[in-house]
Structures are given as C-alpha cells and as structure tokens.
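Participant: Before I ask anything, here is the structure I am working with.
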Amino acid sequence: MHSHDGFISGQYSFRPLTPADMPMLRTWLHTPEVKRWWGDPAHEEKLLLEDMHEPLMVTWVVSYKATPFAYAQHYDVASWAAPHFAHLPKGTRAVDTFIGVPDMLGAGHGGRFLNALAEHLVREGAPMVAIDPDEDNIRARKAYGRAGFKGDELVETGEGPAILMTYSPG
C-alpha cells in the first residue's frame, strides 16, 4: 500500500496536493510547455481536482529547496485499464508529471526529482515504475532517461502515441 504522505529526498520534497494549491496549479497549467504537452488548462484543472479526491491516485506538489515547482501523480497500473501497461508486473506504479515553473526547465531538475520519486516508489514495494511521455516530447524523454527510466517502445495510449519507459530497481 502506498502512503499519500509525501517524502523528502535531498533538496526535493514531495507533499500532498491540496485545494489551496489549485491557484498555483492553474498558473502552471497555462505555461507554454505544460499547455503544449498536457492540453487545455481548464480541462486539465478539472481532472487534477478529481484526481486529488481519487483514493487510487496519489497527487503531489514537488518543491526544490522549499519552493514548489512541479506536479507529480502516481497510481497502480491495474487501477485504470491502460492496455499499454497491462503486461507490466503486478504492483507497478505509473507516473505523470510536469514542471510548472518555466525558469526551472532545462536545469536538470526533471531527471533528479523523478529519480527520487522512482526510488521512493521502489522502496515502498513497486517492482517497477512506468512513465509514458509523448513520442515528440524529447525534453521529457531525455529527463526520464537521466532519471534511470529505460525503453523506447512506441505504444498507443488512447490519448495518442507515446513512448513506454520503465524504471526497475537495481
């Protein structure tokens, strides 16, 4: 069972998303990079609000040196029928994330906080962590590679083609 409590790893901290975070998240959803890959901000805000109250979804605000800059959520791949995750080991966690502060892009934060998150999920018992960036999102794919995620298989997600990347312990 995965705790929703959050954790700290080095200079990165992960804490539960709260309703008080929504104005900040709304700003983040309107930044060019997030809009490009996540889509319509109003629609995404509605989904994130639902996810915040969904017991099967863990939603976190990620901070660097106590300054919030990213959003991350994770869930058991068996919780939702995503065919491209169906073959992964039981207990695998899937991650969705974005950096909401444009000044924090391109500085290596994505790779570092995602590695911390993947390591945390593995410590909590996940046999594997999966992530599925858009095939054209080269920046994200490079960051996930630096975080220790591997794979370049093109999969159909139902929301368009993506690249399946996985993180395994060891």
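In the structure tokens, chains take letters A, B, ... by order of appearance, with residues numbered from 1 within each chain and ligands from 1 in the order shown.
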Can you build me a table of range 44-128 of chain A residues sitting at most 6 Å from range 145-149 of chain A, with the closest atom pair per residue and its distance in Å to one decimal, using only C-alpha atoms, sorted by chain and residue number, as a Markdown table?
Facilitator:
```
| residue | atom | partner | partner_atom | distance |
| --- | --- | --- | --- | --- |
| A:Gly111 | CA | A:Ala147 | CA | 4.3 |
| A:Leu114 | CA | A:Ala147 | CA | 5.7 |
| A:Asn115 | CA | A:Ala147 | CA | 4.4 |
```
Participant: Can those selected residues be exported to a file as a CSV table (one decimal), in the first residue's frame so that it contains all heavy atoms?
Facilitator:
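Saved result, selection.csv, follows:
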```
chain,number,residue,atom,x,y,z
A,111,GLY,N,15.1,15.2,-14.2
A,111,GLY,CA,15.8,13.9,-14.0
A,111,GLY,C,16.0,13.6,-12.6
A,111,GLY,O,15.8,12.5,-12.1
A,114,LEU,N,12.6,13.0,-10.6
A,114,LEU,CA,12.0,11.8,-11.0
A,114,LEU,C,12.7,10.5,-10.5
A,114,LEU,O,12.1,9.5,-10.2
A,114,LEU,CB,11.8,11.7,-12.5
A,114,LEU,CG,10.5,12.2,-12.9
A,114,LEU,CD1,10.5,12.6,-14.4
A,114,LEU,CD2,9.4,11.2,-12.7
A,115,ASN,N,14.0,10.6,-10.5
A,115,ASN,CA,14.8,9.6,-9.9
A,115,ASN,C,14.5,9.4,-8.4
A,115,ASN,O,14.3,8.2,-8.0
A,115,ASN,CB,16.3,9.8,-10.1
A,115,ASN,CG,17.2,8.7,-9.4
A,115,ASN,OD1,17.6,8.9,-8.3
A,115,ASN,ND2,17.4,7.6,-10.1
```
Participant: Output as a PyMOL selection string all residues of chain A that backbone DSSP marks as strand (DSSP E).
Facilitator: chain A and resi 7-9+12-16+57-64+67-76+93-99+129-131+150-156+161-167
Participant: Using backbone DSSP assignments, extract all helix (DSSP H, G or I) residues from range 5-158 of chain A; output them as a ChimeraX atom specification.
Facilitator: /A:19-29,32-38,41-52,77-79,83-85,102-104,109-123,138-146
Participant: Would you mind listing what lies within 12 Å of Lys35 in chain A as a list in words, with only C-alpha atoms counted and same-chain residues fewer than 3 positions away left out?
Facilitator: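 Result of the neighbour search: Leu25, Arg26, Thr27, Trp28, Leu29, His30, Thr31, Pro32, Trp38, Gly39, Asp40, Pro41, Ala42, His43, Glu44, Glu45, Phe98, Ile99, Gly100 and Pro102 of chain A.
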Participant: Give me a file of those residues, with C-alpha atoms, as a PDB file, in the first residue's frame.
Facilitator:
```
ATOM      1  CA  LEU A  25      -1.555  24.718 -10.421  1.00  0.00           C
ATOM      2  CA  ARG A  26      -3.858  26.810 -12.618  1.00  0.00           C
ATOM      3  CA  THR A  27      -0.926  29.166 -13.332  1.00  0.00           C
ATOM      4  CA  TRP A  28       1.322  26.194 -14.099  1.00  0.00           C
ATOM      5  CA  LEU A  29      -1.214  24.646 -16.500  1.00  0.00           C
ATOM      6  CA  HIS A  30      -1.152  27.881 -18.531  1.00  0.00           C
ATOM      7  CA  THR A  31       2.635  27.895 -19.050  1.00  0.00           C
ATOM      8  CA  PRO A  32       3.632  27.157 -22.683  1.00  0.00           C
ATOM      9  CA  TRP A  38      -0.959  18.437 -21.240  1.00  0.00           C
ATOM     10  CA  GLY A  39      -3.513  20.317 -23.321  1.00  0.00           C
ATOM     11  CA  ASP A  40      -6.418  22.566 -22.416  1.00  0.00           C
ATOM     12  CA  PRO A  41      -5.708  24.126 -18.982  1.00  0.00           C
ATOM     13  CA  ALA A  42      -9.363  24.313 -17.868  1.00  0.00           C
ATOM     14  CA  HIS A  43      -9.940  20.650 -18.755  1.00  0.00           C
ATOM     15  CA  GLU A  44      -6.712  19.559 -17.025  1.00  0.00           C
ATOM     16  CA  GLU A  45      -7.530  21.576 -13.911  1.00  0.00           C
ATOM     17  CA  PHE A  98       5.168  18.286 -15.270  1.00  0.00           C
ATOM     18  CA  ILE A  99       7.384  21.204 -14.266  1.00  0.00           C
ATOM     19  CA  GLY A 100       5.164  24.266 -13.805  1.00  0.00           C
ATOM     20  CA  PRO A 102       9.430  27.755 -16.739  1.00  0.00           C
TER      21      PRO A 102
END
```
Participant: Between CA of Ile163 in chain A and CA of Gly151 in chain A, what is the spacing in Å?
Facilitator: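 About the pair CA of Gly151 in chain A and CA of Ile163 in chain A: they are 7.6 Å apart.
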Participant: What's around Asn137 in chain A at 12 Å? Count only C-alpha atoms, leave out sequence neighbours fewer than 2 positions away in its own chain, and write the answer as a list in words.
Facilitator: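 Here the qualifying residues turn out to be Glu33, Val34, Arg36, Trp37, Trp38, Phe98, Asp132, Pro133, Asp134, Glu135, Arg139, Ala140, Arg141, Lys142, Ala143, Tyr144, Pro161, Ala162 and Ile163 of chain A.
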Participant: Just to confirm, what's the straight-line distance from CA of Ser168 in chain A to CA of Tyr64 in chain A in Å (one decimal)?
Facilitator: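 Taking CA of Ser168 in chain A as the start and CA of Tyr64 in chain A as the end point, the length is 24.6 Å.
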Participant: Which residues are close to range 76-86 of chain A, i.e. within 8 Å by only C-alpha atoms, leaving aside same-chain residues fewer than 6 positions away? Reply as number ranges by chain.
Facilitator: A: 56, 92-94, 130, 155-157, 164
Participant: Go ahead and write the selection's residues with N, CA, C and O atoms as a PDB file, in the first residue's frame.
Facilitator:
```pdb
ATOM      1  N   LEU A  56      -7.327   6.162  -5.331  1.00  0.00           N
ATOM      2  CA  LEU A  56      -6.358   5.317  -6.036  1.00  0.00           C
ATOM      3  C   LEU A  56      -5.212   6.123  -6.650  1.00  0.00           C
ATOM      4  O   LEU A  56      -4.236   5.562  -7.140  1.00  0.00           O
ATOM      5  N   THR A  92       3.144  -2.466 -10.326  1.00  0.00           N
ATOM      6  CA  THR A  92       3.864  -1.376 -11.000  1.00  0.00           C
ATOM      7  C   THR A  92       3.107  -0.063 -10.805  1.00  0.00           C
ATOM      8  O   THR A  92       1.878  -0.030 -10.863  1.00  0.00           O
ATOM      9  N   ARG A  93       3.841   1.023 -10.539  1.00  0.00           N
ATOM     10  CA  ARG A  93       3.252   2.350 -10.405  1.00  0.00           C
ATOM     11  C   ARG A  93       3.506   3.140 -11.680  1.00  0.00           C
ATOM     12  O   ARG A  93       4.609   3.102 -12.225  1.00  0.00           O
ATOM     13  N   ALA A  94       2.486   3.843 -12.146  1.00  0.00           N
ATOM     14  CA  ALA A  94       2.642   4.737 -13.296  1.00  0.00           C
ATOM     15  C   ALA A  94       2.710   6.164 -12.784  1.00  0.00           C
ATOM     16  O   ALA A  94       2.025   6.529 -11.820  1.00  0.00           O
ATOM     17  N   ALA A 130       6.486   3.048 -14.256  1.00  0.00           N
ATOM     18  CA  ALA A 130       6.304   3.299 -15.687  1.00  0.00           C
ATOM     19  C   ALA A 130       5.937   4.754 -15.931  1.00  0.00           C
ATOM     20  O   ALA A 130       5.290   5.396 -15.096  1.00  0.00           O
ATOM     21  N   VAL A 155       3.941   3.059 -28.051  1.00  0.00           N
ATOM     22  CA  VAL A 155       2.688   2.408 -27.652  1.00  0.00           C
ATOM     23  C   VAL A 155       1.515   3.336 -27.943  1.00  0.00           C
ATOM     24  O   VAL A 155       1.668   4.556 -28.021  1.00  0.00           O
ATOM     25  N   GLU A 156       0.342   2.761 -28.102  1.00  0.00           N
ATOM     26  CA  GLU A 156      -0.880   3.538 -28.290  1.00  0.00           C
ATOM     27  C   GLU A 156      -1.554   3.661 -26.931  1.00  0.00           C
ATOM     28  O   GLU A 156      -1.831   2.653 -26.285  1.00  0.00           O
ATOM     29  N   THR A 157      -1.789   4.892 -26.467  1.00  0.00           N
ATOM     30  CA  THR A 157      -2.308   5.086 -25.108  1.00  0.00           C
ATOM     31  C   THR A 157      -3.806   5.352 -25.055  1.00  0.00           C
ATOM     32  O   THR A 157      -4.379   5.401 -23.984  1.00  0.00           O
ATOM     33  N   LEU A 164       6.817   4.136 -24.079  1.00  0.00           N
ATOM     34  CA  LEU A 164       6.765   3.481 -22.764  1.00  0.00           C
ATOM     35  C   LEU A 164       8.178   3.376 -22.221  1.00  0.00           C
ATOM     36  O   LEU A 164       9.061   2.815 -22.856  1.00  0.00           O
TER      37      LEU A 164
END
```
Participant: Closest to Phe14 in chain A among A:Pro89, A:Gly170, A:Pro55, A:Pro68, using only C-alpha atoms?
Facilitator: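 Ranked by minimum distance to Phe14 in chain A, first place goes to A:Pro68.
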Participant: Distance CA of Tyr12 in chain A-CA of Gly110 in chain A, one decimal place?
Facilitator: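 Rounded to one decimal, the two atoms are 10.9 Å apart.
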Participant: I'd like to know which of A:Leu105, A:Phe113, A:Val61, A:Tyr167 is closest to Ala126 in chain A, using only C-alpha atoms.
Facilitator: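 Answer, going by the shortest atom-to-atom distance: A:Tyr167.
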